[in-house]
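Structure, as structure tokens:
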Amino acid sequence: MGYGRAVVMKCPRCVQRVHRSAMQCPHCGFSIAKVDEIFGEQELRVSCLTDAAGVLRRKEREGARRLLEGFQRRFPQLFFAVYFGTFREIPSLRQFGFWLLNRGVFEDAAPLRSNEAGILLSVDVSGKAAGITFGYLLEPYLDEEATFRALSAAHPHLLQEQYLRAMETVIRRLQRVLVREARRARRARRRPEGFGPAPAVTSREAGALLERIRAGHGMRGAKL
Amino acid sequence: MASGAAGKGMPPLPKWTPEDFEKLQGGEIVVGEEFFAMPPEGAGGEQGGVEVLTAAPPEAAPEAAPDNGLPPPMGPPVPPELESEFPTLIEARFVKGYLEARPGSYMIDPQELLSRQEFRDRESFLRYHAGESRVDLYVMLFDAKQELPEELAIGKVFEERFAGGGPTALVYYHLGMPERAGIRLSEEVCAVASEEERIRALQTSVGEAFAKSDPADQLDSFLVEFSIRLYWIEKAMGAEETLVLALAGEAVPLEDAGRRAAQREGLAKPVRRALTVCLLAGVAVGLGWIGRLLAVRRARYHLPETDCPRLLGAPHAAGVGAVLCYRSAELPPSKQRDQVPDYLRRS
């Protein structure tokens with residue numbers, strides 16, 4: 001993950017790695033057409049803060065909106081959206097997030113921000129699960145690990161159904177990651193030689209490593 | 001059968017016709033079937049089992065009452081002024097508590113706005129103040145937004161309950177809103193403290209209260225600062241009395257009083273200097289902290305845009321992040337590190 005590194009994408013249904021520019025998942029055959037069959041193809045107009053499950057009080061909604069506006073101020077290219085819903089028969093929260101971020105029109109996101117610059121936090125209040133989906137612009141900067149950590153930090157608040165605190169925790173965690181990546185990108189622009197590709201391991205070194213592993217010296221495998 | 005049971009103004013009860021009875025016997029009518037029939041498809045704007053809302057402005061959506069499965073509350077409806085988190089009215093039974101005879105307790109809280117421990121702590125401070133000071137300090141506690149009825153006007157209560165009992169200060173304090181505090185001082189105290197001093201005492205006490213965020217801590221800070229202000233006023237009262245006694249020929253040597261005052265002044269100078277230095281340092285640190293906070297808040301971050309190929313035909317997004325289940329504390333995030341398809345996890 002990070003500026004200039006390889007981008008790994010996963011299928012929203014089977015969570016297996018998918019090659020770039022694949023139109024269909026080679027493992028399960030999933031594509032955008034499949035979720036369109038479930039949720040519909042038409043564009044859906046929503047707000048950046050959608051509380052379909054009614055879990056936020058009025059004051060909490062105002063606090064939540066301020067959080068989202070603060071995020072948009074700090075990252076003028078991006079927007080953050082949150083959806084609290086009750087999903088009864090839906091098979092997958094990931095698929096729902098994938099569909100909403102592609103087919104949704106977030107009316108109160110700033111006009112020049114397309115959904116590629118969006119991060120969506122979906123919360124299934126009845127199934128008690130939360131998931132994060134993000135647009136293509138954020139692919140080089142966010143990954144499953146970063147979103148997992150953000151959700152883990154919010155887990156205690158979700159357990160106690162403190163949804164505003166959970167939302168605040170997720171946003172702050174992801175902000176930290178994005179700030180770090182933005183600073184890293186700025187440094188890379190100023191000094192590109194420090195951000196070249198990692199030196200390759202020679203075949204001799206790889207062979208020696210394999211020998212050590214086979215000989216059972218108990219060394220942990222080094223990253224190649 | 002009495003049809004009067006319907007009562008006045010109620011719709012008449014339904015009546016069975018002979019045709020209905022025949023249908024019932026023939027099985028064409030099943031009693032109660034309407035309650036168990038499924039609603040027709042497409043009702044309620046559902047799509048794929050998901051309740052989808054169109055763009056209704058959040059302000060228009062009414063707040064849903066929590067459906068916790070409990071029956072509706074019994075008894076008469078609570079007026080909205082008392083039902084909200086910050087009631088504006090005081091119940092009649094509490095008004096009586098405020099109007100009782102001059103109480104033995106310095107902290108008057110019939111509404112039990114403070115917890116018992118908090119009440120005991122503040123009460124013990126006021127008792128300590130009463131032991132050290134000639135000016136008794138009484139505090140009446142109200143909720144943040146409560147409006148006082150006429151019978152609880154501070155002037156009226158002070159005249160009826162506290163006047164004639166020596167130097168007394170009565171404070172009306174609204175828990176959570178220190179700026180609404182009011183004070184009333186007895187004549188002996190007003191004689192030595194000008195209106196400006198009295199106003200300043202109240203303002204500085206409120207300012208100290210605002211330094212804290214917890215309402216009970218705000219009350220603490222208010223009382224401590226006000227107690228200090230009363231100490232200075234009492235000092236002035238003591239100096240006045242010394243002068244009066246000397247003029248009356250009583251045995252209070254003015255030179256001694258002057259020497260004592262000079263000694264106190266001498267001690268106060270380095271203390272004042274140290275306080276000034278600490279205050280300036282505190283202000284400098286505070287300004288630096290505020291400046292840093294503003295700088296951080298105003299910072300804007302820009303991410304370079306890279307070409308990312310479209311995945312699975314999706315026009316905008318294919319970034320599949322993590323999904324976390326929070327059904328139970330026995331399933332912590334550490335056990336969910338391996339992200340699996342939801343259909344394997346969902347029960």
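Ligands are numbered from 1 in the order shown, chains are lettered A, B, ... in the order of the structure tokens, and residues start at 1 in each chain.
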Using only C-alpha atoms, determine which residues lie at most 9 Å from Val323 in chain B, disregarding the query and same-chain residues fewer than 3 positions distant; provide the list as a PyMOL selection string. (chain A and resi 93-94+129-132+144+147-148+151) or (chain B and resi 320+336+339-340+342)
File of the preceding selection, C-alpha atoms, as a compact mmCIF listing (two decimals), in the first residue's frame:
# COMPACT_ATOMS: atom_id res chain seq x y z
CA LEU A 93 -22.33 -5.69 3.18
CA ARG A 94 -19.33 -5.44 0.87
CA ALA A 129 -21.47 -5.46 10.90
CA ALA A 130 -19.59 -2.51 9.49
CA GLY A 131 -17.63 -2.22 6.28
CA ILE A 132 -15.60 0.34 4.35
CA GLU A 144 -7.77 -3.74 3.72
CA THR A 147 -9.57 -0.08 7.00
CA PHE A 148 -9.45 -3.11 9.28
CA LEU A 151 -12.86 -0.53 12.20
CA VAL B 320 -13.00 -3.44 -0.98
CA GLN B 336 -11.69 -11.51 12.38
CA GLN B 339 -11.47 -11.49 5.87
CA VAL B 340 -13.93 -14.04 4.54
CA ASP B 342 -19.93 -12.48 4.20
Neighbour list for Glu305 in chain B as an MDAnalysis selection string, cut-off 10 Å, only C-alpha atoms, skip fewer than 3 positions in-chain: (chainID A and resid 3 77 117 136:140) or (chainID B and resid 302 308)
Produce a file of the selected residues containing N, CA and C atoms, as an mmCIF file, in the first residue's frame.
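Result file is again30.cif:
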data_model
loop_
_atom_site.group_PDB
_atom_site.id
_atom_site.type_symbol
_atom_site.label_atom_id
_atom_site.label_comp_id
_atom_site.auth_asym_id
_atom_site.auth_seq_id
_atom_site.Cartn_x
_atom_site.Cartn_y
_atom_site.Cartn_z
ATOM 1 N N TYR A 3 2.142 5.188 -1.912
ATOM 2 C CA TYR A 3 2.369 5.927 -3.139
ATOM 3 C C TYR A 3 3.329 5.165 -4.033
ATOM 4 N N GLN A 77 -10.078 17.119 -2.081
ATOM 5 C CA GLN A 77 -10.438 16.255 -3.226
ATOM 6 C C GLN A 77 -11.469 15.212 -2.831
ATOM 7 N N ALA A 117 -13.451 9.589 -5.494
ATOM 8 C CA ALA A 117 -12.746 10.200 -4.376
ATOM 9 C C ALA A 117 -13.489 9.987 -3.067
ATOM 10 N N TYR A 136 -11.561 4.685 -6.612
ATOM 11 C CA TYR A 136 -10.306 4.405 -7.299
ATOM 12 C C TYR A 136 -9.195 5.378 -6.912
ATOM 13 N N LEU A 137 -9.559 6.615 -6.639
ATOM 14 C CA LEU A 137 -8.525 7.592 -6.285
ATOM 15 C C LEU A 137 -7.767 7.180 -5.034
ATOM 16 N N LEU A 138 -8.443 6.448 -4.168
ATOM 17 C CA LEU A 138 -7.836 6.087 -2.887
ATOM 18 C C LEU A 138 -7.189 4.717 -2.908
ATOM 19 N N GLU A 139 -7.286 4.020 -4.036
ATOM 20 C CA GLU A 139 -6.706 2.679 -4.111
ATOM 21 C C GLU A 139 -5.232 2.637 -3.737
ATOM 22 N N PRO A 140 -4.404 3.628 -4.196
ATOM 23 C CA PRO A 140 -2.973 3.536 -3.830
ATOM 24 C C PRO A 140 -2.699 3.840 -2.364
ATOM 25 N N HIS B 302 -3.363 17.029 -0.071
ATOM 26 C CA HIS B 302 -3.686 16.690 -1.453
ATOM 27 C C HIS B 302 -3.006 15.381 -1.806
ATOM 28 N N CYS B 308 -6.039 4.435 -12.287
ATOM 29 C CA CYS B 308 -6.365 3.127 -11.736
ATOM 30 C C CYS B 308 -7.341 2.456 -12.683
#
Select, as an NGL selection string, those residues of chain A with any atom no more than 6 Å from chain B (distances computed using only C-alpha atoms). :A and (12 or 14-15 or 21-24 or 31-32 or 38-39 or 45-46 or 74-75 or 87-89 or 92 or 102 or 115-116 or 128-136 or 144 or 147-148 or 152 or 159 or 182)
Taking 2 positions as the minimum chain separation for residues in the same chain, which residues sit within 10 Å of range 113-117 of chain B when counting only C-alpha atoms? Answer as a ChimeraX atom specification. /B:109-111,119-123,141-143,174-175,215-216
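Within range 4-83 of chain A, residues classed as strand (DSSP E or B) by DSSP on backbone coordinates are Met9, Lys10, Arg17, Val18, Leu44, Arg45, Val46, Leu49, Thr50, Asp51, Phe79, Phe80, Ala81, Val82 and Tyr83 of chain A.
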Just how far from CA of Cys48 in chain A is CA of Tyr83 in chain A, in Å to one decimal? 7.8 Å
One decimal, Å: what's the distance from CA of Pro156 in chain A over to CA of Lys59 in chain A, could you say?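 Separation between CA of Pro156 in chain A and CA of Lys59 in chain A: 21.3 Å.
Atom to atom, CA of Asp338 in chain B and CA of Arg17 in chain A stand 13.6 Å apart.
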Give me, as a list in words, all polymer residues having an atom no more than 9 Å from Gln16 in chain A, counting only C-alpha atoms and skipping those fewer than 2 positions away in the same chain. Met9, Lys10, Cys11, Pro12, Arg13, Cys14, Val18, Cys25, His27 and Cys28 of chain A; Pro341 of chain B
